[in-house]
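Novice: So here's coords.cif, just mmCIF, C-alpha atoms:
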data_upload
loop_
_atom_site.group_PDB
_atom_site.id
_atom_site.type_symbol
_atom_site.label_atom_id
_atom_site.label_comp_id
_atom_site.auth_asym_id
_atom_site.auth_seq_id
_atom_site.Cartn_x
_atom_site.Cartn_y
_atom_site.Cartn_z
ATOM 1 C CA MET A 1 131.246 -48.407 24.822
ATOM 2 C CA ALA A 2 130.927 -47.870 28.587
ATOM 3 C CA VAL A 3 134.150 -48.302 30.562
ATOM 4 C CA LEU A 4 133.927 -50.244 33.825
ATOM 5 C CA ARG A 5 135.454 -48.182 36.636
ATOM 6 C CA LEU A 6 136.509 -50.169 39.657
ATOM 7 C CA PRO A 7 136.150 -48.287 42.962
ATOM 8 C CA ARG A 8 139.316 -46.936 44.543
ATOM 9 C CA ILE A 9 140.347 -44.864 47.553
ATOM 10 C CA LYS A 10 143.630 -43.092 48.175
ATOM 11 C CA ILE A 11 145.286 -43.823 51.529
ATOM 12 C CA ALA A 12 148.300 -41.552 52.053
ATOM 13 C CA ASP A 13 150.163 -41.894 48.736
ATOM 14 C CA ARG A 14 148.699 -45.292 47.840
ATOM 15 C CA TRP A 15 145.575 -46.187 45.864
ATOM 16 C CA ILE A 16 143.451 -48.989 47.319
ATOM 17 C CA GLY A 17 141.148 -50.913 45.014
ATOM 18 C CA GLU A 18 140.766 -54.159 43.101
ATOM 19 C CA ALA A 19 142.854 -52.762 40.228
ATOM 20 C CA PHE A 20 145.828 -52.205 42.556
ATOM 21 C CA PRO A 21 148.059 -54.492 44.655
ATOM 22 C CA PRO A 22 146.284 -55.504 47.888
ATOM 23 C CA PHE A 23 146.699 -53.225 50.914
ATOM 24 C CA ILE A 24 147.889 -55.386 53.814
ATOM 25 C CA VAL A 25 147.087 -54.341 57.383
ATOM 26 C CA ALA A 26 148.681 -56.048 60.381
ATOM 27 C CA GLU A 27 146.325 -55.567 63.301
ATOM 28 C CA ILE A 28 148.217 -55.299 66.568
ATOM 29 C CA GLY A 29 144.914 -54.522 68.275
ATOM 30 C CA ILE A 30 145.318 -55.175 71.998
ATOM 31 C CA ASN A 31 147.776 -58.052 71.567
ATOM 32 C CA HIS A 32 150.455 -55.765 73.004
ATOM 33 C CA ASN A 33 148.805 -56.244 76.437
ATOM 34 C CA GLY A 34 149.517 -52.626 77.306
ATOM 35 C CA SER A 35 153.258 -52.909 76.595
ATOM 36 C CA LEU A 36 154.877 -50.333 74.318
ATOM 37 C CA GLU A 37 157.912 -52.603 73.977
ATOM 38 C CA ILE A 38 155.775 -55.461 72.633
ATOM 39 C CA ALA A 39 153.914 -53.064 70.336
ATOM 40 C CA LYS A 40 157.190 -51.846 68.808
ATOM 41 C CA LYS A 41 158.417 -55.409 68.230
ATOM 42 C CA MET A 42 155.157 -56.142 66.405
ATOM 43 C CA ILE A 43 155.566 -53.018 64.276
ATOM 44 C CA GLU A 44 159.064 -54.185 63.346
ATOM 45 C CA GLY A 45 157.664 -57.599 62.405
ATOM 46 C CA ALA A 46 154.996 -56.033 60.204
ATOM 47 C CA VAL A 47 157.611 -53.906 58.452
ATOM 48 C CA ALA A 48 159.871 -56.927 57.913
ATOM 49 C CA ALA A 49 156.960 -58.890 56.415
ATOM 50 C CA GLY A 50 156.141 -56.103 53.959
ATOM 51 C CA CYS A 51 152.823 -54.914 55.417
ATOM 52 C CA HIS A 52 151.580 -51.469 54.448
ATOM 53 C CA ALA A 53 150.009 -50.486 57.773
ATOM 54 C CA VAL A 54 149.564 -51.538 61.389
ATOM 55 C CA LYS A 55 146.350 -51.006 63.304
ATOM 56 C CA PHE A 56 145.662 -50.578 67.003
ATOM 57 C CA GLN A 57 142.459 -50.413 69.069
ATOM 58 C CA LYS A 58 141.474 -47.490 71.277
ATOM 59 C CA ARG A 59 138.775 -47.522 73.946
ATOM 60 C CA THR A 60 137.581 -45.397 76.817
ATOM 61 C CA PRO A 61 136.924 -48.227 79.294
ATOM 62 C CA GLU A 62 134.225 -46.349 81.243
ATOM 63 C CA LEU A 63 132.241 -45.963 77.992
ATOM 64 C CA CYS A 64 132.847 -49.449 76.589
ATOM 65 C CA VAL A 65 132.447 -51.624 79.679
ATOM 66 C CA PRO A 66 128.918 -51.950 81.145
ATOM 67 C CA LYS A 67 128.835 -50.574 84.690
ATOM 68 C CA GLU A 68 127.641 -53.858 86.140
ATOM 69 C CA GLN A 69 130.946 -55.407 84.990
ATOM 70 C CA TRP A 70 133.274 -52.703 86.363
ATOM 71 C CA HIS A 71 133.906 -54.318 89.752
ATOM 72 C CA LEU A 72 133.909 -57.971 88.729
ATOM 73 C CA LYS A 73 137.118 -59.636 89.865
ATOM 74 C CA ARG A 74 139.391 -61.040 87.175
ATOM 75 C CA GLN A 75 142.542 -63.122 87.365
ATOM 76 C CA THR A 76 145.234 -61.673 85.080
ATOM 77 C CA PRO A 77 149.008 -62.051 84.538
ATOM 78 C CA TRP A 78 149.322 -58.922 86.698
ATOM 79 C CA GLY A 79 147.353 -60.355 89.587
ATOM 80 C CA GLU A 80 143.687 -60.161 90.556
ATOM 81 C CA MET A 81 141.991 -56.883 89.663
ATOM 82 C CA THR A 82 138.582 -55.501 88.783
ATOM 83 C CA TYR A 83 137.518 -55.734 85.170
ATOM 84 C CA ILE A 84 137.552 -51.945 84.719
ATOM 85 C CA ASP A 85 141.106 -51.794 86.081
ATOM 86 C CA TYR A 86 142.080 -54.625 83.736
ATOM 87 C CA ARG A 87 140.677 -52.738 80.740
ATOM 88 C CA HIS A 88 142.769 -49.722 81.726
ATOM 89 C CA ARG A 89 145.811 -51.973 82.227
ATOM 90 C CA ILE A 90 145.823 -53.153 78.594
ATOM 91 C CA GLU A 91 145.274 -49.685 77.114
ATOM 92 C CA LEU A 92 148.286 -47.800 75.753
ATOM 93 C CA SER A 93 148.864 -44.333 77.198
ATOM 94 C CA ALA A 94 148.915 -41.026 75.321
ATOM 95 C CA GLU A 95 152.703 -41.035 75.606
ATOM 96 C CA ASP A 96 152.789 -44.575 74.173
ATOM 97 C CA PHE A 97 150.796 -43.486 71.129
ATOM 98 C CA GLU A 98 153.104 -40.515 70.611
ATOM 99 C CA GLU A 99 156.039 -42.922 70.501
ATOM 100 C CA ILE A 100 154.123 -45.293 68.203
ATOM 101 C CA ASP A 101 153.464 -42.395 65.830
ATOM 102 C CA ARG A 102 157.151 -41.467 65.813
ATOM 103 C CA PHE A 103 158.294 -45.094 65.492
ATOM 104 C CA CYS A 104 155.965 -45.862 62.564
ATOM 105 C CA ARG A 105 157.071 -42.743 60.708
ATOM 106 C CA GLN A 106 160.695 -43.699 61.318
ATOM 107 C CA ASN A 107 160.071 -47.188 59.935
ATOM 108 C CA GLY A 108 158.029 -46.062 56.937
ATOM 109 C CA ILE A 109 154.771 -47.787 57.803
ATOM 110 C CA LEU A 110 151.278 -46.283 58.170
ATOM 111 C CA TRP A 111 149.269 -46.706 61.352
ATOM 112 C CA PHE A 112 145.660 -46.132 62.355
ATOM 113 C CA ALA A 113 143.205 -47.464 64.925
ATOM 114 C CA SER A 114 139.787 -48.934 65.560
ATOM 115 C CA SER A 115 138.045 -46.395 67.755
ATOM 116 C CA TRP A 116 135.329 -47.836 69.986
ATOM 117 C CA ASP A 117 133.868 -44.519 71.170
ATOM 118 C CA ILE A 118 133.874 -40.840 70.194
ATOM 119 C CA PRO A 119 136.483 -39.643 72.761
ATOM 120 C CA SER A 120 138.832 -42.366 71.483
ATOM 121 C CA LEU A 121 138.207 -41.236 67.915
ATOM 122 C CA GLU A 122 138.982 -37.642 68.890
ATOM 123 C CA PHE A 123 142.186 -38.803 70.589
ATOM 124 C CA ILE A 124 143.352 -40.793 67.532
ATOM 125 C CA GLU A 125 142.427 -37.982 65.153
ATOM 126 C CA GLN A 126 145.034 -35.690 66.707
ATOM 127 C CA PHE A 127 147.712 -37.925 65.154
ATOM 128 C CA ASP A 128 146.219 -37.325 61.678
ATOM 129 C CA PRO A 129 145.902 -40.999 60.659
ATOM 130 C CA PRO A 130 145.208 -41.723 56.968
ATOM 131 C CA LEU A 131 141.883 -43.421 57.790
ATOM 132 C CA HIS A 132 139.681 -44.519 60.685
ATOM 133 C CA LYS A 133 138.279 -47.968 61.466
ATOM 134 C CA ALA A 134 134.881 -48.879 62.887
ATOM 135 C CA PRO A 135 135.042 -52.395 64.404
ATOM 136 C CA SER A 136 132.255 -54.889 63.815
ATOM 137 C CA ALA A 137 130.866 -54.324 67.310
ATOM 138 C CA MET A 138 130.356 -50.621 66.541
ATOM 139 C CA LEU A 139 128.761 -51.021 63.097
ATOM 140 C CA THR A 140 125.360 -50.004 64.519
ATOM 141 C CA HIS A 141 126.777 -47.065 66.549
ATOM 142 C CA SER A 142 125.426 -44.302 64.305
ATOM 143 C CA ASP A 143 126.905 -41.392 66.270
ATOM 144 C CA LEU A 144 130.385 -42.901 66.080
ATOM 145 C CA LEU A 145 130.090 -43.571 62.340
ATOM 146 C CA LEU A 146 128.921 -40.021 61.704
ATOM 147 C CA ALA A 147 131.798 -38.651 63.785
ATOM 148 C CA MET A 148 134.211 -40.687 61.652
ATOM 149 C CA LYS A 149 132.559 -39.397 58.490
ATOM 150 C CA LYS A 150 132.917 -35.834 59.769
ATOM 151 C CA THR A 151 136.721 -36.170 59.784
ATOM 152 C CA GLY A 152 136.569 -36.376 55.984
ATOM 153 C CA LYS A 153 138.885 -39.378 55.977
ATOM 154 C CA PRO A 154 138.153 -42.812 54.534
ATOM 155 C CA VAL A 155 136.396 -45.152 56.964
ATOM 156 C CA MET A 156 137.082 -48.874 57.134
ATOM 157 C CA ILE A 157 134.184 -50.947 58.466
ATOM 158 C CA SER A 158 134.196 -54.604 59.487
ATOM 159 C CA THR A 159 130.902 -56.441 59.060
ATOM 160 C CA GLY A 160 131.137 -59.297 61.561
ATOM 161 C CA MET A 161 128.025 -60.312 63.560
ATOM 162 C CA SER A 162 125.919 -58.010 61.328
ATOM 163 C CA THR A 163 122.925 -58.547 59.066
ATOM 164 C CA LEU A 164 122.735 -57.122 55.566
ATOM 165 C CA ASP A 165 120.105 -54.647 56.773
ATOM 166 C CA GLU A 166 122.498 -53.398 59.463
ATOM 167 C CA ILE A 167 125.308 -53.106 56.925
ATOM 168 C CA ASP A 168 122.968 -51.214 54.593
ATOM 169 C CA GLU A 169 122.195 -48.703 57.337
ATOM 170 C CA ALA A 170 125.874 -48.154 58.102
ATOM 171 C CA VAL A 171 126.754 -47.673 54.424
ATOM 172 C CA ASP A 172 123.834 -45.259 54.001
ATOM 173 C CA LEU A 173 125.137 -43.153 56.911
ATOM 174 C CA LEU A 174 128.533 -42.865 55.260
ATOM 175 C CA ASP A 175 129.660 -42.055 51.726
ATOM 176 C CA GLU A 176 129.866 -45.388 49.902
ATOM 177 C CA ARG A 177 132.624 -43.940 47.718
ATOM 178 C CA ASN A 178 134.758 -43.258 50.794
ATOM 179 C CA ILE A 179 134.496 -46.544 52.709
ATOM 180 C CA LEU A 180 136.530 -49.720 52.811
ATOM 181 C CA LEU A 181 134.080 -52.494 53.652
ATOM 182 C CA ALA A 182 135.538 -55.692 55.079
ATOM 183 C CA HIS A 183 133.832 -59.067 55.065
ATOM 184 C CA THR A 184 134.347 -60.485 58.554
ATOM 185 C CA THR A 185 133.180 -63.317 60.776
ATOM 186 C CA SER A 186 133.599 -62.363 64.439
ATOM 187 C CA SER A 187 134.709 -65.707 65.853
ATOM 188 C CA TYR A 188 138.127 -66.067 67.516
ATOM 189 C CA PRO A 189 139.376 -68.217 65.892
ATOM 190 C CA CYS A 190 136.866 -68.569 63.072
ATOM 191 C CA PRO A 191 136.064 -72.159 62.013
ATOM 192 C CA ASP A 192 136.701 -72.945 58.346
ATOM 193 C CA SER A 193 133.006 -73.577 57.695
ATOM 194 C CA GLU A 194 132.132 -69.996 58.728
ATOM 195 C CA VAL A 195 134.811 -68.088 56.796
ATOM 196 C CA ASN A 196 132.370 -67.726 53.848
ATOM 197 C CA LEU A 197 134.728 -65.988 51.416
ATOM 198 C CA LEU A 198 132.091 -65.809 48.672
ATOM 199 C CA MET A 199 130.563 -62.962 50.697
ATOM 200 C CA ILE A 200 133.323 -60.827 49.169
ATOM 201 C CA ASN A 201 131.588 -61.144 45.792
ATOM 202 C CA SER A 202 128.196 -60.531 47.404
ATOM 203 C CA LEU A 203 129.439 -57.297 48.968
ATOM 204 C CA LYS A 204 130.972 -56.155 45.671
ATOM 205 C CA ARG A 205 127.617 -56.609 43.947
ATOM 206 C CA ARG A 206 125.610 -54.968 46.734
ATOM 207 C CA TYR A 207 127.943 -51.976 47.229
ATOM 208 C CA PRO A 208 129.485 -51.342 43.790
ATOM 209 C CA GLU A 209 131.010 -47.991 44.774
ATOM 210 C CA ALA A 210 132.745 -49.250 47.934
ATOM 211 C CA VAL A 211 136.196 -50.809 48.135
ATOM 212 C CA ILE A 212 135.700 -54.365 49.411
ATOM 213 C CA GLY A 213 138.237 -56.323 51.455
ATOM 214 C CA TYR A 214 138.591 -59.017 54.069
ATOM 215 C CA SER A 215 139.328 -58.985 57.796
ATOM 216 C CA GLY A 216 140.058 -62.539 58.888
ATOM 217 C CA HIS A 217 140.100 -64.287 62.263
ATOM 218 C CA GLU A 218 140.779 -67.813 61.039
ATOM 219 C CA GLN A 219 143.922 -69.780 61.771
ATOM 220 C CA GLY A 220 146.596 -69.709 59.087
ATOM 221 C CA ALA A 221 147.184 -67.508 56.067
ATOM 222 C CA LEU A 222 145.497 -69.521 53.284
ATOM 223 C CA PRO A 223 141.923 -68.103 53.469
ATOM 224 C CA SER A 224 143.262 -64.542 53.343
ATOM 225 C CA ILE A 225 145.279 -65.360 50.214
ATOM 226 C CA VAL A 226 142.186 -66.905 48.611
ATOM 227 C CA ALA A 227 140.273 -63.725 49.522
ATOM 228 C CA VAL A 228 142.676 -61.731 47.354
ATOM 229 C CA ALA A 229 142.068 -64.159 44.470
ATOM 230 C CA LEU A 230 138.351 -63.400 44.866
ATOM 231 C CA GLY A 231 138.991 -59.679 44.544
ATOM 232 C CA ALA A 232 139.591 -58.433 48.109
ATOM 233 C CA ALA A 233 141.346 -55.069 47.740
ATOM 234 C CA PHE A 234 142.710 -55.105 51.272
ATOM 235 C CA ILE A 235 143.494 -57.717 53.890
ATOM 236 C CA GLU A 236 143.506 -57.182 57.660
ATOM 237 C CA ARG A 237 144.832 -59.849 60.025
ATOM 238 C CA HIS A 238 145.573 -59.838 63.758
ATOM 239 C CA ILE A 239 149.237 -60.492 64.518
ATOM 240 C CA THR A 240 151.064 -61.712 67.615
ATOM 241 C CA LEU A 241 154.563 -62.431 68.827
ATOM 242 C CA ASP A 242 153.351 -65.667 70.425
ATOM 243 C CA LYS A 243 149.923 -67.309 70.237
ATOM 244 C CA LEU A 244 150.323 -68.509 73.817
ATOM 245 C CA MET A 245 150.486 -64.946 75.163
ATOM 246 C CA TRP A 246 147.676 -63.639 77.352
ATOM 247 C CA GLY A 247 144.671 -62.274 75.476
ATOM 248 C CA THR A 248 141.483 -63.317 73.700
ATOM 249 C CA ASP A 249 142.764 -62.435 70.209
ATOM 250 C CA GLN A 250 146.104 -64.257 70.319
ATOM 251 C CA ALA A 251 144.836 -67.649 69.074
ATOM 252 C CA ALA A 252 143.167 -66.062 66.027
ATOM 253 C CA SER A 253 146.317 -64.130 65.124
ATOM 254 C CA LEU A 254 149.187 -64.804 62.748
ATOM 255 C CA ASP A 255 152.616 -65.116 64.279
ATOM 256 C CA MET A 256 155.518 -63.421 62.520
ATOM 257 C CA GLN A 257 156.361 -66.459 60.395
ATOM 258 C CA GLU A 258 152.747 -66.808 59.256
ATOM 259 C CA LEU A 259 152.562 -63.078 58.547
ATOM 260 C CA ALA A 260 155.574 -63.403 56.238
ATOM 261 C CA GLN A 261 153.865 -66.372 54.558
ATOM 262 C CA LEU A 262 150.760 -64.234 54.039
ATOM 263 C CA THR A 263 152.557 -61.346 52.362
ATOM 264 C CA GLU A 264 154.694 -63.682 50.242
ATOM 265 C CA GLY A 265 151.625 -65.704 49.270
ATOM 266 C CA ILE A 266 149.759 -62.576 48.184
ATOM 267 C CA ARG A 267 152.776 -61.383 46.183
ATOM 268 C CA ARG A 268 153.038 -64.740 44.383
ATOM 269 C CA LEU A 269 149.268 -64.878 43.836
ATOM 270 C CA GLN A 270 149.435 -61.652 41.840
ATOM 271 C CA LEU A 271 152.011 -63.312 39.582
ATOM 272 C CA PHE A 272 149.887 -66.472 39.302
ATOM 273 C CA MET A 273 146.762 -64.572 38.230
ATOM 274 C CA GLY A 274 148.345 -62.956 35.158
ATOM 275 C CA ASP A 275 146.268 -60.843 32.773
ATOM 276 C CA GLY A 276 144.059 -63.430 31.031
ATOM 277 C CA ILE A 277 145.743 -62.923 27.630
ATOM 278 C CA LYS A 278 146.961 -66.130 25.960
ATOM 279 C CA ARG A 279 150.548 -65.963 24.752
ATOM 280 C CA VAL A 280 153.492 -68.274 24.135
ATOM 281 C CA TYR A 281 156.085 -67.392 26.770
ATOM 282 C CA GLU A 282 159.778 -67.203 26.050
ATOM 283 C CA SER A 283 160.339 -69.980 28.590
ATOM 284 C CA GLU A 284 158.210 -72.292 26.390
ATOM 285 C CA LEU A 285 160.141 -71.757 23.156
ATOM 286 C CA ALA A 286 162.903 -74.273 23.805
ATOM 287 C CA VAL A 287 160.361 -76.906 24.886
ATOM 288 C CA LYS A 288 158.220 -76.162 21.832
ATOM 289 C CA ALA A 289 161.187 -76.531 19.500
ATOM 290 C CA LYS A 290 162.064 -79.877 21.101
ATOM 291 C CA LEU A 291 158.617 -81.476 21.359
ATOM 292 C CA ARG A 292 156.450 -80.055 18.571
ATOM 293 C CA PRO A 293 157.324 -81.157 15.016
ATOM 294 C CA PRO A 294 157.112 -78.597 12.176
ATOM 295 C CA ARG A 295 153.918 -78.665 10.106
ATOM 296 C CA THR A 296 155.706 -80.191 7.053
ATOM 297 C CA GLN A 297 157.041 -82.980 9.250
ATOM 298 C CA ARG A 298 153.601 -83.629 10.701
ATOM 299 C CA LYS A 299 152.192 -83.949 7.168
ATOM 300 C CA LYS A 300 155.002 -86.306 6.162
ATOM 301 C CA SER A 301 154.471 -88.395 9.287
ATOM 302 C CA LEU A 302 150.756 -88.809 8.506
ATOM 303 C CA GLN A 303 151.550 -89.941 4.949
ATOM 304 C CA THR A 304 154.097 -92.425 6.329
ATOM 305 C CA TRP A 305 151.504 -93.812 8.750
ATOM 306 C CA TYR A 306 149.028 -94.194 5.870
ATOM 307 C CA ASN A 307 151.567 -96.006 3.747
ATOM 308 C CA GLN A 308 152.419 -98.423 6.534
ATOM 309 C CA LYS A 309 148.974 -99.105 8.018
ATOM 310 C CA ILE A 310 146.200 -98.526 5.458
ATOM 311 C CA LYS A 311 147.367 -98.131 1.858
ATOM 312 C CA PRO A 312 145.263 -100.453 -0.366
ATOM 313 C CA ALA A 313 146.618 -101.842 -3.611
ATOM 314 C CA GLY A 314 146.324 -99.418 -6.499
ATOM 315 C CA ILE A 315 145.931 -96.299 -4.369
ATOM 316 C CA HIS A 316 149.110 -94.274 -4.131
ATOM 317 C CA SER A 317 148.264 -91.322 -1.866
ATOM 318 C CA LEU A 318 146.293 -90.459 1.225
ATOM 319 C CA PRO A 319 144.205 -87.755 -0.519
ATOM 320 C CA GLU A 320 143.241 -90.274 -3.222
ATOM 321 C CA PHE A 321 142.174 -92.772 -0.551
ATOM 322 C CA ILE A 322 140.058 -90.161 1.259
ATOM 323 C CA SER A 323 138.456 -89.092 -2.021
ATOM 324 C CA ARG A 324 137.459 -92.618 -2.912
ATOM 325 C CA GLN A 325 136.047 -93.310 0.539
ATOM 326 C CA PHE A 326 133.969 -90.136 0.328
ATOM 327 C CA SER A 327 132.633 -91.149 -3.108
ATOM 328 C CA LYS A 328 131.541 -94.507 -1.770
ATOM 329 C CA ALA A 329 129.728 -92.865 1.120
ATOM 330 C CA VAL A 330 127.824 -90.559 -1.226
#
As a first step, turn the structure in this file into structure tokens.

Specialist:
Amino acid sequence: MAVLRLPRIKIADRWIGEAFPPFIVAEIGINHNGSLEIAKKMIEGAVAAGCHAVKFQKRTPELCVPKEQWHLKRQTPWGEMTYIDYRHRIELSAEDFEEIDRFCRQNGILWFASSWDIPSLEFIEQFDPPLHKAPSAMLTHSDLLLAMKKTGKPVMISTGMSTLDEIDEAVDLLDERNILLAHTTSSYPCPDSEVNLLMINSLKRRYPEAVIGYSGHEQGALPSIVAVALGAAFIERHITLDKLMWGTDQAASLDMQELAQLTEGIRRLQLFMGDGIKRVYESELAVKAKLRPPRTQRKKSLQTWYNQKIKPAGIHSLPEFISRQFSKAV
């Protein structure tokens, strides 16, 4: 008989796949607003909540911002500045990433990044992350995907704002057995009617050798917990210290309390799901002894009921009554 093998990928010393506990990623992204201090507080929050990894974003602004937008004026918490200067303002420096690498190792949590261009990928690669991430916006950037593949490390891909044909092309460029494919809707925050969690099952059927997960932008933790119940092998959620902070991703992020609710909910869900094998649990035995009569007592009770409610004259037992009724019917 053929044995069904669920896809799996090893990240550092941990297997990721539907047969294993979900891999939980807290995406710091750019919610640090260029502050190393804020980034470290978010790392501490992710560790406290029991996340397995934190994720950042890395861009080269001159490559990611169209030139016609470079000199547009923008009001920011740091005063008025051009858009290109603003993009540089919210990027972490090389020295910041060196400290993040040290701080994550010290706190026992993995870290990696979404790289939005090849120089950013090359910069992140020098820290030897356990995997690379291609954001939804870069799913059709073939050169970037191939550069990620060339590192030999697993590649996580989000599928927001993408058609199935575009996802097919990205998967074909990479090794399906070495990708973590995340169902995503790229709305910030995502309305409930567009979360579409059943796409997780669709992706599992379409890409049977890939590890399928969920990257959510909705408000609250519940949809991400349901995603695990549907078989998501990993969960990625934006996190924030305060949803009222500056930044486009803050409103679609989980605060530290919600992040703790997410990890606790996923832990409890695994207990709820069980193994599908029917058994009488030890906790039921006392209740069973109290509420369920022994078989001999049940038989006696039925005979007593017959004697009190039905017994005709001349018929002394329930079996005799049943026999006579059957004979009449025949």

Novice: Hey, can you check how far CA of Arg14 in chain A sits from CA of Asn201 in chain A?

Specialist: 23.4 Å

Novice: (137.8, -75.0, 52.5) in this file's frame - what residues fall within 12 Å of it? Use only C-alpha atoms and give the answer as an MDAnalysis selection string.

Specialist: chainID A and resid 191:198 218 222:224 226:227

Novice: Rounded to one decimal place, report the CA of Gly274 in chain A-CA of Ala12 in chain A distance in Å.

Specialist: 27.3 Å

Novice: Within 7 Å of range 174-181 of chain A, counting only C-alpha atoms, which residues qualify if same-chain residues fewer than 2 places away don't, as number ranges by chain?

Specialist: A: 9, 149, 154-158, 170-172, 183, 209-213

Novice: Hey, which of A:Pro77, A:Gly45, A:Arg59, A:Trp116 ends up closest to Cys104 in chain A? Count all atoms listed in the file.

Specialist: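 Among the listed residues, A:Gly45 lies closest to Cys104 in chain A.
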
Novice: Counting only C-alpha atoms, which residues have an atom no more than 7 Å from (140.9, -57.5, 54.5) in the file's coordinates? Please list them as a list in words.

Specialist: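 Output of the proximity query reads Ala182, Gly213, Tyr214, Ser215, Gly216, Ala232, Phe234, Ile235 and Glu236 of chain A.
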
Novice: Just write the chosen residues, C-alpha atoms, as a short mmCIF file (atom, residue, chain, number, x, y, z; two decimals), in the frame of the given file.

Specialist:
data_model
loop_
_atom_site.label_atom_id
_atom_site.label_comp_id
_atom_site.auth_asym_id
_atom_site.auth_seq_id
_atom_site.Cartn_x
_atom_site.Cartn_y
_atom_site.Cartn_z
CA ALA A 182 135.54 -55.69 55.08
CA GLY A 213 138.24 -56.32 51.46
CA TYR A 214 138.59 -59.02 54.07
CA SER A 215 139.33 -58.98 57.80
CA GLY A 216 140.06 -62.54 58.89
CA ALA A 232 139.59 -58.43 48.11
CA PHE A 234 142.71 -55.10 51.27
CA ILE A 235 143.49 -57.72 53.89
CA GLU A 236 143.51 -57.18 57.66
#

Novice: Applied to this file, what does the PyMOL selection byres ((chain A and resi 49) around 9) return in terms of residues, put as an NGL selection string?

Specialist: :A and (44-48 or 50-51 or 256-257 or 259-264)

Novice: With C-alpha atoms retained, export the selected residues as a short mmCIF file (atom, residue, chain, number, x, y, z; two decimals), in the frame of the given file.

Specialist:
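To be explicit, this is the file written out as result.cif:
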data_model
loop_
_atom_site.label_atom_id
_atom_site.label_comp_id
_atom_site.auth_asym_id
_atom_site.auth_seq_id
_atom_site.Cartn_x
_atom_site.Cartn_y
_atom_site.Cartn_z
CA GLU A 44 159.06 -54.18 63.35
CA GLY A 45 157.66 -57.60 62.40
CA ALA A 46 155.00 -56.03 60.20
CA VAL A 47 157.61 -53.91 58.45
CA ALA A 48 159.87 -56.93 57.91
CA GLY A 50 156.14 -56.10 53.96
CA CYS A 51 152.82 -54.91 55.42
CA MET A 256 155.52 -63.42 62.52
CA GLN A 257 156.36 -66.46 60.40
CA LEU A 259 152.56 -63.08 58.55
CA ALA A 260 155.57 -63.40 56.24
CA GLN A 261 153.86 -66.37 54.56
CA LEU A 262 150.76 -64.23 54.04
CA THR A 263 152.56 -61.35 52.36
CA GLU A 264 154.69 -63.68 50.24
#

Novice: Take CA of Leu271 in chain A and CA of Ile16 in chain A and report the distance between them in Å, one decimal.

Specialist: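 These two atoms are separated by 18.4 Å.
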
Novice: With distances taken over all atoms listed in the file, which of A:Tyr281, A:Phe56, A:Tyr188, A:Tyr86 is nearest to Leu121 in chain A?

Specialist: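 Ranked by minimum distance to Leu121 in chain A, first place goes to A:Phe56.
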
Novice: Using all atoms listed in the file, which of A:His32, A:Leu164, A:Gln75, A:Ser142 sits nearest Arg206 in chain A?

Specialist: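 Smallest separation from Arg206 in chain A among the options: A:Leu164.
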
Novice: Between A:Gln270, A:Met245, A:Gly276, A:Glu62, which is the closest to Leu230 in chain A once you count all atoms listed in the file?

Specialist: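 Nearest to Leu230 in chain A: A:Gln270.
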
Novice: Using the chain letters and residue numbers of this document, give as an MDAnalysis selection string the residues selected by the PyMOL selection byres ((chain A and resi 251) around 12).

Specialist: chainID A and resid 31 187:190 217:220 237:250 252:255

Novice: When the PyMOL selection byres ((chain A and resi 147) around 12) is applied to the structure above, which residues does it catch, written out as a PyMOL selection string?

Specialist: chain A and resi 115-122+125+132-134+141-146+148-155+173-174

Novice: Which residue gives the smallest distance to Glu68 in chain A among A:Phe103, A:Tyr83, A:Phe20, A:Trp111, with only C-alpha atoms counted?

Specialist: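 Distance minimum relative to Glu68 in chain A lands on A:Tyr83.
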